[in-house]
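Note: the block below is start-v8.cif and it holds mmCIF, C-alpha atoms and all ligand atoms.
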```
data_model
#
loop_
_atom_site.label_atom_id
_atom_site.label_comp_id
_atom_site.auth_asym_id
_atom_site.auth_seq_id
_atom_site.Cartn_x
_atom_site.Cartn_y
_atom_site.Cartn_z
CA MET A 1 137.01 137.53 120.08
CA GLY A 2 135.13 134.85 122.00
CA TRP A 3 132.41 137.33 122.93
CA PHE A 4 131.95 138.22 119.24
CA ALA A 5 131.40 134.58 118.21
CA ASP A 6 128.93 134.16 121.08
CA ALA A 7 127.00 137.23 119.93
CA LEU A 8 126.78 135.84 116.38
CA GLY A 9 125.51 132.45 117.56
CA PRO A 10 121.74 133.08 117.32
CA PHE A 11 122.11 134.72 113.89
CA ARG A 12 123.95 131.65 112.62
CA GLY A 13 120.91 129.62 113.68
CA PHE A 14 118.60 131.95 111.75
CA ALA A 15 120.85 131.68 108.70
CA VAL A 16 120.32 127.90 108.69
CA THR A 17 116.54 128.41 108.91
CA LEU A 18 116.53 130.97 106.10
CA ARG A 19 118.65 128.74 103.88
CA GLN A 20 116.23 125.83 104.33
CA MET A 21 113.25 128.08 103.56
CA THR A 22 114.59 128.89 100.13
CA ARG A 23 115.38 125.30 99.17
CA PRO A 24 112.90 123.35 96.98
CA ARG A 25 110.47 121.22 98.99
CA VAL A 26 110.97 117.45 98.75
CA THR A 27 107.81 116.45 100.61
CA THR A 28 104.22 116.52 99.35
CA SER A 29 100.98 117.20 101.20
CA TYR A 30 99.79 113.59 101.20
CA PRO A 31 96.94 112.58 100.93
CA LYS A 32 95.87 115.75 99.10
CA GLU A 33 98.77 115.39 96.70
CA LYS A 34 99.97 112.03 95.52
CA ARG A 35 103.39 111.59 94.03
CA GLU A 36 103.66 109.92 90.65
CA LYS A 37 104.80 106.34 91.12
CA PRO A 38 107.58 104.60 89.23
CA GLN A 39 106.29 102.67 86.25
CA ARG A 40 107.08 99.30 87.84
CA PHE A 41 105.62 100.12 91.26
CA HIS A 42 103.99 97.06 92.85
CA GLY A 43 100.73 98.06 94.53
CA ARG A 44 97.63 96.11 95.42
CA HIS A 45 96.45 93.27 93.22
CA ILE A 46 93.37 93.07 91.07
CA LEU A 47 91.68 90.19 89.28
CA ASN A 48 90.96 91.19 85.71
CA ARG A 49 88.15 90.52 83.29
CA TYR A 50 88.09 90.21 79.52
CA PRO A 51 86.48 93.08 77.65
CA ASP A 52 83.28 90.99 77.34
CA GLY A 53 83.07 90.84 81.15
CA MET A 54 84.23 87.23 81.59
CA GLU A 55 86.68 86.58 84.39
CA LYS A 56 90.25 85.86 83.33
CA CYS A 57 91.00 83.59 86.30
CA ILE A 58 90.66 79.89 85.47
CA GLY A 59 91.24 78.68 89.02
CA CYS A 60 94.50 76.88 88.17
CA GLU A 61 96.15 77.79 91.52
CA LEU A 62 99.55 78.47 89.93
CA CYS A 63 99.69 81.83 91.68
CA ALA A 64 99.07 80.19 95.05
CA GLY A 65 101.70 77.56 94.35
CA VAL A 66 104.40 80.06 93.42
CA CYS A 67 103.72 82.61 96.18
CA PRO A 68 106.75 82.61 98.51
CA ALA A 69 104.71 84.08 101.35
CA ARG A 70 101.92 81.50 100.99
CA CYS A 71 99.32 84.23 101.18
CA ILE A 72 97.05 83.28 98.27
CA TYR A 73 94.18 80.84 98.64
CA VAL A 74 92.41 79.69 95.48
CA ARG A 75 89.71 77.12 95.03
CA GLY A 76 88.65 76.43 91.46
CA ALA A 77 85.29 75.10 90.33
CA ASP A 78 83.84 73.77 87.07
CA ASN A 79 82.23 76.39 84.91
CA PRO A 80 78.45 76.01 84.64
CA PRO A 81 78.02 74.99 80.96
CA ASP A 82 74.99 77.23 80.39
CA ASN A 83 76.46 80.28 82.11
CA PRO A 84 80.30 80.10 82.22
CA VAL A 85 82.15 82.54 84.46
CA SER A 86 85.43 82.27 82.55
CA PRO A 87 86.52 80.78 79.22
CA GLY A 88 87.57 77.15 79.57
CA GLU A 89 86.58 74.46 82.02
CA ARG A 90 87.14 76.11 85.39
CA TYR A 91 87.05 79.43 87.15
CA GLY A 92 88.27 80.84 90.46
CA PHE A 93 85.41 80.05 92.81
CA VAL A 94 87.24 81.27 95.93
CA TYR A 95 90.14 83.70 95.71
CA GLU A 96 91.79 85.37 98.71
CA ILE A 97 95.04 87.23 99.35
CA ASN A 98 96.29 87.98 102.85
CA MET A 99 97.89 91.38 102.37
CA LEU A 100 99.55 91.23 105.78
CA ARG A 101 101.75 88.43 104.50
CA CYS A 102 102.26 89.66 100.94
CA ILE A 103 105.76 90.88 100.12
CA PHE A 104 104.67 92.43 96.78
CA CYS A 105 107.15 90.40 94.79
CA ALA A 106 104.75 89.89 91.82
CA MET A 107 105.63 86.20 91.44
CA CYS A 108 101.89 85.50 91.29
CA VAL A 109 101.61 87.91 88.36
CA GLU A 110 104.45 86.20 86.54
CA ALA A 111 102.99 82.74 87.11
CA CYS A 112 99.47 83.48 85.94
CA PRO A 113 98.87 81.97 82.47
CA THR A 114 95.93 84.24 81.64
CA GLU A 115 97.13 87.55 83.13
CA ALA A 116 94.17 87.37 85.45
CA ILE A 117 96.08 88.74 88.42
CA THR A 118 97.99 91.99 88.03
CA MET A 119 99.26 94.69 90.35
CA THR A 120 98.20 98.31 90.26
CA HIS A 121 99.72 101.50 91.61
CA LEU A 122 97.10 101.64 94.34
CA PHE A 123 98.79 101.43 97.71
CA GLU A 124 96.32 102.62 100.35
CA MET A 125 95.65 99.44 102.29
CA SER A 126 95.62 100.40 105.95
CA THR A 127 93.01 98.59 108.02
CA THR A 128 91.92 98.45 111.64
CA SER A 129 91.53 94.69 111.75
CA ARG A 130 93.44 91.67 110.51
CA ASP A 131 90.34 90.26 108.85
CA ASP A 132 90.03 93.33 106.63
CA ALA A 133 93.55 92.71 105.34
CA ILE A 134 92.38 89.49 103.69
CA TYR A 135 91.12 90.60 100.30
CA THR A 136 88.41 88.35 98.95
CA LYS A 137 87.44 87.72 95.36
CA GLY A 138 84.61 90.24 95.60
CA GLU A 139 87.15 92.90 96.51
CA LEU A 140 89.87 91.83 94.07
CA LEU A 141 87.73 91.32 90.98
CA VAL A 142 87.38 94.46 88.91
CA GLU A 143 84.05 95.87 87.86
CA PRO A 144 82.95 95.16 84.27
CA ASP A 145 84.49 98.50 83.24
CA GLY A 146 87.84 97.48 84.76
CA THR A 147 87.62 99.68 87.85
CA PRO A 148 88.86 98.10 91.10
CA ASN A 149 86.74 98.02 94.22
CA HIS A 150 87.86 99.57 97.46
CA PRO A 151 88.60 96.56 99.71
CA GLN A 152 87.14 97.86 102.94
CA GLU A 153 84.11 99.31 101.24
CA PRO A 154 83.10 96.87 98.52
CA ASN A 155 81.32 98.51 95.61
CA ARG A 156 82.78 101.93 96.41
CA LEU A 157 84.76 102.49 93.26
CA ILE A 158 88.20 104.00 93.29
CA ASP A 159 88.52 107.38 91.67
CA VAL A 160 89.12 106.46 88.03
CA ASN A 161 91.28 109.53 87.47
CA GLU A 162 93.58 108.44 90.25
CA LEU A 163 93.74 104.96 88.82
CA GLU A 164 94.59 106.23 85.37
CA LEU A 165 97.33 108.38 86.81
CA GLY A 166 98.84 105.55 88.74
CA SER A 167 97.61 102.54 86.84
CA GLY A 168 100.40 100.37 85.68
CA TRP A 169 101.92 96.98 85.65
CA MET A 170 104.45 95.34 83.47
CA ARG A 171 105.01 91.72 82.63
CA ALA A 172 108.72 91.07 82.64
CA THR A 173 108.68 87.93 80.55
CA ALA A 174 107.81 87.19 76.93
CA PRO A 175 104.09 86.71 76.35
CA GLY A 176 103.23 83.11 75.57
CA GLY A 177 106.89 82.11 75.67
CA ARG A 178 107.25 82.47 71.87
CA ALA A 179 110.85 82.51 70.66
CA ALA A 180 110.37 85.71 68.67
CA PHE A 181 109.59 87.57 71.88
CA GLU A 182 112.69 86.46 73.74
CA GLY A 183 114.16 89.40 75.62
CA VAL A 184 111.28 91.63 74.55
CA VAL A 185 109.07 93.09 77.24
CA GLY A 186 105.36 92.63 76.65
CA TRP A 187 103.05 95.40 77.75
CA THR A 188 99.81 94.65 79.46
CA PRO A 189 97.01 97.09 79.98
CA SER A 190 96.43 97.53 83.69
CA ALA A 191 92.91 97.35 85.03
CA THR A 192 91.77 97.32 81.40
CA HIS A 193 92.08 101.09 81.39
CA SER A 194 95.29 101.89 79.68
CA GLU A 195 98.33 100.58 77.93
CA LEU A 196 101.63 101.77 79.32
CA PRO A 197 104.06 103.59 77.08
CA ALA A 198 107.28 101.68 76.49
CA GLU A 199 110.24 102.51 78.65
CA LEU A 200 113.42 103.89 77.15
CA GLY A 201 114.99 101.41 74.76
CA GLN A 202 111.96 99.12 74.61
CA SER A 203 109.41 98.72 71.89
CA GLY A 204 105.76 99.12 72.87
CA ASP A 205 104.36 98.42 69.42
CA SER A 206 102.49 95.17 69.96
CA ALA A 207 101.32 94.97 66.32
CA GLU A 208 104.96 95.09 65.20
CA LEU A 209 105.88 92.36 67.67
CA ALA A 210 102.99 90.17 66.53
CA ASP A 211 104.17 90.56 62.91
CA GLU A 212 107.69 89.56 63.90
CA ALA A 213 106.39 86.53 65.79
CA GLY A 214 104.18 85.50 62.88
CA GLY A 215 107.02 85.91 60.38
CA SER A 216 109.47 83.76 62.32
CA SER A 217 107.12 80.88 63.16
S1 LIG B 301 103.05 89.58 95.29
FE1 LIG B 301 104.36 87.84 95.95
S2 LIG B 301 103.90 87.59 98.11
FE2 LIG B 301 102.27 88.87 97.27
S3 LIG B 301 100.62 87.44 96.71
FE3 LIG B 301 101.91 87.70 94.89
S4 LIG B 301 103.43 86.04 94.99
FE4 LIG B 301 102.52 86.23 97.02
S1 LIG B 302 94.95 84.22 89.11
FE1 LIG B 302 95.95 83.20 87.36
S2 LIG B 302 97.43 81.75 88.29
FE2 LIG B 302 95.96 82.34 89.89
S3 LIG B 302 94.37 80.75 89.84
FE3 LIG B 302 93.66 82.45 88.53
S4 LIG B 302 94.36 81.91 86.47
FE4 LIG B 302 95.52 80.60 87.90
#
```
What do you get writing this file as structure tokens?
Ligand code: SF4
Ligand code: SF4
Amino acid sequence: MGWFADALGPFRGFAVTLRQMTRPRVTTSYPKEKREKPQRFHGRHILNRYPDGMEKCIGCELCAGVCPARCIYVRGADNPPDNPVSPGERYGFVYEINMLRCIFCAMCVEACPTEAITMTHLFEMSTTSRDDAIYTKGELLVEPDGTPNHPQEPNRLIDVNELELGSGWMRATAPGGRAAFEGVVGWTPSATHSELPAELGQSGDSAELADEAGGSS
């Protein structure tokens, strides 16, 4: 019988190949196809603006202070009274993140009092030099329409469709620290393009939440 098993050997190999060919594919043809990211995916940062174009960053340096990897450098400056860059007294004059050090923990996002810094679903950050991995303010700050710049090619806008597909970030703490929001997740539009739908079991109705907060204060 040994000779029979030997004769079947190659066919057994083909059977394995055939079985694999009929199984559903688990890989995608990246970069032509991009897989949908989880809602809480932590991709590259952006610095946001208000709808009127003003910068949200007030140069407070809280993000730099909280960063466990010490990869953020911020230098604030006084707003010019006749042409303020941000609401309030100061703005982020210098803002840099060293992406080679970043561990994508989003502590900076949590610490920011104005939601100036958020994380997107954009993840393509490969560079050919260490210097290019340091994202400067010009690269982090979104365009007036909320579209991020491409870091290595400033002013080359990211494909908006791609951003809308993958755009997302969620603040895990109550907005403003108001008691009525305790345990309630607040939803923040990412890159000023979209508001994320609520996850299962969470309310995404901000008007309802605001009513509740107003009623209890
Ligand atoms: S995501 Fe974490 S490591 Fe990266 S810049 Fe923010 S705080 Fe620092
Ligand atoms: S990004 Fe936020 S935490 Fe960081 S300096 Fe600007 S306002 Fe402050």
Take every atom of ligand LIG 301 (chain B) listed in the file, fit an axis-aligned box around them, add 4 Å per side, and give the centre and edge lengths in Å to one decimal as AutoDock Vina command-line options.
```
--center_x 102.5 --center_y 87.8 --center_z 96.5 --size_x 11.7 --size_y 11.5 --size_z 11.2
```
Taking only C-alpha atoms and all ligand atoms into account, list the residues no farther than 6 Å from ligand LIG 302 (chain B), as a PDB file with C-alpha atoms, in the frame of the given file.
```
ATOM      1  CA  CYS A  57      91.000  83.590  86.300  1.00  0.00           C
ATOM      2  CA  ILE A  58      90.660  79.890  85.470  1.00  0.00           C
ATOM      3  CA  GLY A  59      91.240  78.680  89.020  1.00  0.00           C
ATOM      4  CA  CYS A  60      94.500  76.880  88.170  1.00  0.00           C
ATOM      5  CA  GLU A  61      96.150  77.790  91.520  1.00  0.00           C
ATOM      6  CA  LEU A  62      99.550  78.470  89.930  1.00  0.00           C
ATOM      7  CA  CYS A  63      99.690  81.830  91.680  1.00  0.00           C
ATOM      8  CA  GLY A  92      88.270  80.840  90.460  1.00  0.00           C
ATOM      9  CA  ALA A 111     102.990  82.740  87.110  1.00  0.00           C
ATOM     10  CA  CYS A 112      99.470  83.480  85.940  1.00  0.00           C
ATOM     11  CA  PRO A 113      98.870  81.970  82.470  1.00  0.00           C
ATOM     12  CA  THR A 114      95.930  84.240  81.640  1.00  0.00           C
ATOM     13  CA  ALA A 116      94.170  87.370  85.450  1.00  0.00           C
ATOM     14  CA  ILE A 117      96.080  88.740  88.420  1.00  0.00           C
TER      15      ILE A 117
END
```
Residues within 7 Å of stretch 40-45 of chain A, all atoms listed in the file, excluding chain neighbours under 2 positions, as a VMD selection string: chain A and resid 37 to 38 47 104 117 to 123 140 169 to 170
Can you write just those residues out, C-alpha atoms, as a PDB file, in the coordinates of the input?
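Dumped everything to selection17.pdb:
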```pdb
ATOM      1  CA  LYS A  37     104.800 106.340  91.120  1.00  0.00           C
ATOM      2  CA  PRO A  38     107.580 104.600  89.230  1.00  0.00           C
ATOM      3  CA  LEU A  47      91.680  90.190  89.280  1.00  0.00           C
ATOM      4  CA  PHE A 104     104.670  92.430  96.780  1.00  0.00           C
ATOM      5  CA  ILE A 117      96.080  88.740  88.420  1.00  0.00           C
ATOM      6  CA  THR A 118      97.990  91.990  88.030  1.00  0.00           C
ATOM      7  CA  MET A 119      99.260  94.690  90.350  1.00  0.00           C
ATOM      8  CA  THR A 120      98.200  98.310  90.260  1.00  0.00           C
ATOM      9  CA  HIS A 121      99.720 101.500  91.610  1.00  0.00           C
ATOM     10  CA  LEU A 122      97.100 101.640  94.340  1.00  0.00           C
ATOM     11  CA  PHE A 123      98.790 101.430  97.710  1.00  0.00           C
ATOM     12  CA  LEU A 140      89.870  91.830  94.070  1.00  0.00           C
ATOM     13  CA  TRP A 169     101.920  96.980  85.650  1.00  0.00           C
ATOM     14  CA  MET A 170     104.450  95.340  83.470  1.00  0.00           C
TER      15      MET A 170
END
```
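The space between atom S3 of ligand LIG 301 (chain B) and atom CA of A:Pro84 spans 26.0 Å.
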Residues within 7 Å of ligand LIG 301 (chain B), counting all atoms listed in the file, as number ranges by chain: A: 63, 66-72, 97, 101-109
Distance in Å - atom CA of A:Tyr95 versus atom CA of A:Val74: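 Between atom CA of A:Tyr95 and atom CA of A:Val74 the gap is 4.6 Å.
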Coordinates-based distance that separates atom CA of A:Arg90 from atom CA of A:Lys137 (Å, one decimal):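 Value for the atom CA of A:Lys137-atom CA of A:Arg90 distance: 15.3 Å.
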